[in-house]
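K.L.:
The structure's right below; bear with me while I get my questions together.
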Amino acid sequence: MSLSIVVLGDQLLDDHPVVPDPTDEVRVVLIESQKKLRSRAYHQQKQVLVLSAMRHYAARLRARGYTVDYYAAPSMSAGLRQHLIEQRPSALRTMAASEYDARQQQALWSARLGLPVEIIPNSQFLVGQHDPFPGSQKRVVMETFYRQMRRHFCLLMEDDEPVGGRWNFDDENRKPLKKGLQPPPIPRFEPDDITQQVIAEVKRSDHGVGQADTFAYAVTHEQAQTALADFIQYRLPLFGAYEDAMSSRYPTLYHSVLSPYINLGLLTPLEVARAAEAAYHRGEAPLNSVEGFIRQIVGWREYMMWQYWRMMPELRDSNSWGAQRLLPDWFWSGDTQMNCLRHVIEQARETAYSHHIQRLMIVTNFCLLTGIEPRAVVEWFMSFYIDAYDWVMQPNTVGMGLNADGGQTATKPYIASATYINRMSDYCQTCAYDPKARSGEHACPFNTLYWNFLLTHENQLRANPRLGPAVLGLKHLSADERIQIRQQAEHFLSHL
């Protein structure tokens, strides 16, 4: 019996659960799908990352003695059919896809291809190994989920209690970047011959946002390990304190920038979390940094995946605030006088990356306050970011960022005025707008839009206890100021 192992392009695990030891009866199949690549305006650097990583993975398997069939095909289905015609395997085996649509297609492979197809559970996520709330239909907040995951995987635990006596050190992790600090840059990996060839192909295709020329991300497991070690040594110690900070001079600050590699399978979430934990036990990084980072991996990331499969496919149509406005054209170019948005968009165009606070408190904050339709926001995120996949962008953008899922993911809408942006960044220092003004010619639109949002949804927001202080702040607005804010917001939105 001949067996073909189909490895999807975002499942490049070093120890892949569906890949047995190499034998003459086993072939590994990887397929570049042009249909998938052209399905949206994916950033050119993401295209390079995925294609180069896949080709390096194929070379890695061949060096280990595997027979690898690699196809550049019009679609996944076309690639599979070509393989069946050429090799006539007795059966296929694959791992369940991370994304909803791909998993729905996998379920049809056997009937469409006319041979047995074994689909094993996805083990690329910790929730694929342990569901902390199996079958639960009740709303579970991320903090509760996070604690259960910490307990199960015994991360930063002493018996059944958290190290340091606290589960969460978030209150120590909200500092703006201290003057004089110069965060070290993330490591760059010079493109080898394979990557250079991919860059040339992507440039010729002239498809997607951004440019491929400056690509310098890791594309192999060894390079990803180097990137992890670099983060642990040079940026993890100060990651916690400044994880919410934003800077026009240092785009990645102390962030790990490991998400592209974890999402592809070049790193696994547990090895990354264990590496951070080990740094704490060696005395190389403080607890607030290590706990904050582990919370991002086994808390936020796994919670997004867990929520995705609870709420799909209905999540795609969620729009609890009734947002209908079109995404402004300048979101694709960065051509705006709002310095914070211009900086974040231009950075994303150049590097295909922004850290989580830039995404949450600049991009989706603006989109929520202006009432941009959620599907359009998801499309933008999927196009611009190198670590963007449907399983994370649906719950993170629709649920957490836009609060459009009826509060299933986040307990409150993450909205903020220019006061927050000015405190946590240097964007406002060189902006044309005044971060302290609510209305008037030079008032920052974030201020006008923030107070307009509170006024518009006052009754609904009063019902949320976590937003009490913000809503109570409306009492300080005079009747005239309320009118000014509403009129100025209406003018801004009508010209958006």
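How things are named: the first chain in the structure tokens is A, the next is B, and so on; residues count from 1 in each chain; ligands count from 1 in the order shown.
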DSSP on the backbone: what in region 248-444 of chain A comes out alpha helix (DSSP H), as a ChimeraX atom specification?
P.N.:
/A:259-264,269-281,287-294,302-311,339-351,356-357,365-370,374-384,390-393,418-424
K.L.:
Quick one: DSSP strand (DSSP E or B) residues in region 306-444 of chain A, as a PyMOL selection string?
P.N.:
chain A and resi 325+372+434+443
K.L.:
Taking into account only C-alpha atoms, which residue in the set A:Met246, A:Leu287, A:Leu461, A:Ala416 is nearest to Ser354 (chain A)?
P.N.:
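Checking each candidate against Ser354 (chain A), we get A:Met246 as the closest.
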K.L.:
Give me the residues within 10 Å of Asn447 (chain A) as a list of chain:residue names, counting only C-alpha atoms and dropping any in the same chain fewer than 6 places off.
P.N.:
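Using only C-alpha atoms, the neighbours found are A:Leu369, A:Ala416, A:Ser417, A:Ala418, A:Thr419, A:Asp434, A:Pro435, A:Lys436, A:Ala437, A:Arg438, A:Ser439, A:Phe453, A:Ile485, A:Ala489.
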K.L.:
Kindly indicate which residue among A:Gly283, A:Thr268, A:Val378, A:Gln211 lies nearest to Pro237 (chain A), using only C-alpha atoms for the distances.
P.N.:
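Counting only C-alpha atoms, the residue closest to Pro237 (chain A) is A:Gly283.
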K.L.:
Between CA of Asn452 (chain A) and CA of Glu379 (chain A), measure the distance and give it in Å to one decimal.
P.N.:
25.9 Å
K.L.:
When you count only C-alpha atoms, which of these residues is closest to Arg316 (chain A): A:Tyr100, A:Asn263, A:Ser205, A:Pro162?
P.N.:
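Looking at the shortest contact to Arg316 (chain A), the residue is A:Tyr100.
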K.L.:
With only C-alpha atoms as the counted atoms, please give the residues lying no more than 12 Å from His130 (chain A), apart from itself and same-chain residues fewer than 5 positions off, as an mmCIF file with N, CA and C atoms, in the first residue's frame.
P.N.:
data_model
loop_
_atom_site.group_PDB
_atom_site.id
_atom_site.type_symbol
_atom_site.label_atom_id
_atom_site.label_comp_id
_atom_site.auth_asym_id
_atom_site.auth_seq_id
_atom_site.Cartn_x
_atom_site.Cartn_y
_atom_site.Cartn_z
ATOM 1 N N PRO A 121 -6.295 14.958 13.934
ATOM 2 C CA PRO A 121 -6.516 16.255 14.594
ATOM 3 C C PRO A 121 -5.297 17.164 14.507
ATOM 4 N N ASN A 122 -5.551 18.446 14.481
ATOM 5 C CA ASN A 122 -4.486 19.432 14.420
ATOM 6 C C ASN A 122 -3.786 19.532 15.776
ATOM 7 N N SER A 123 -2.470 19.326 15.768
ATOM 8 C CA SER A 123 -1.683 19.390 17.006
ATOM 9 C C SER A 123 -0.770 20.609 17.040
ATOM 10 N N GLN A 124 -0.997 21.547 16.121
ATOM 11 C CA GLN A 124 -0.137 22.728 16.013
ATOM 12 C C GLN A 124 -0.455 23.760 17.089
ATOM 13 N N PHE A 125 -1.592 23.555 17.766
ATOM 14 C CA PHE A 125 -2.034 24.458 18.827
ATOM 15 C C PHE A 125 -2.199 23.657 20.114
ATOM 16 N N PHE A 145 -9.558 31.173 30.867
ATOM 17 C CA PHE A 145 -8.969 30.239 29.910
ATOM 18 C C PHE A 145 -7.459 30.134 30.131
ATOM 19 N N GLN A 148 -6.350 28.117 33.185
ATOM 20 C CA GLN A 148 -6.516 26.678 32.981
ATOM 21 C C GLN A 148 -5.390 26.121 32.114
ATOM 22 N N MET A 149 -4.995 26.871 31.091
ATOM 23 C CA MET A 149 -3.900 26.418 30.227
ATOM 24 C C MET A 149 -2.577 26.401 30.993
ATOM 25 N N ARG A 150 -2.335 27.403 31.793
ATOM 26 C CA ARG A 150 -1.118 27.425 32.623
ATOM 27 C C ARG A 150 -1.073 26.203 33.532
ATOM 28 N N ARG A 151 -2.192 25.898 34.162
ATOM 29 C CA ARG A 151 -2.229 24.744 35.066
ATOM 30 C C ARG A 151 -1.935 23.449 34.306
ATOM 31 N N HIS A 152 -2.623 23.258 33.198
ATOM 32 C CA HIS A 152 -2.495 21.993 32.469
ATOM 33 C C HIS A 152 -1.077 21.776 31.963
ATOM 34 N N PHE A 153 -0.457 22.813 31.415
ATOM 35 C CA PHE A 153 0.878 22.658 30.840
ATOM 36 C C PHE A 153 1.985 23.012 31.835
ATOM 37 N N VAL A 298 0.149 31.237 25.389
ATOM 38 C CA VAL A 298 -0.803 30.199 25.817
ATOM 39 C C VAL A 298 -2.138 30.795 26.258
ATOM 40 N N GLU A 302 -3.857 31.042 21.993
ATOM 41 C CA GLU A 302 -4.669 29.823 22.067
ATOM 42 C C GLU A 302 -6.151 30.148 22.257
ATOM 43 N N TYR A 303 -6.429 31.206 22.982
ATOM 44 C CA TYR A 303 -7.819 31.641 23.179
ATOM 45 C C TYR A 303 -8.438 32.055 21.855
ATOM 46 N N TRP A 306 -9.299 28.886 20.030
ATOM 47 C CA TRP A 306 -10.428 28.229 20.705
ATOM 48 C C TRP A 306 -11.735 28.942 20.379
#
K.L.:
Can you work out which one of A:Met393, A:Leu472, A:Ala72, A:Leu326 has the shortest atom-to-atom distance to Glu458 (chain A), counting only C-alpha atoms?
P.N.:
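Between A:Met393, A:Leu472, A:Ala72, A:Leu326, the residue approaching Glu458 (chain A) most closely is A:Leu472.
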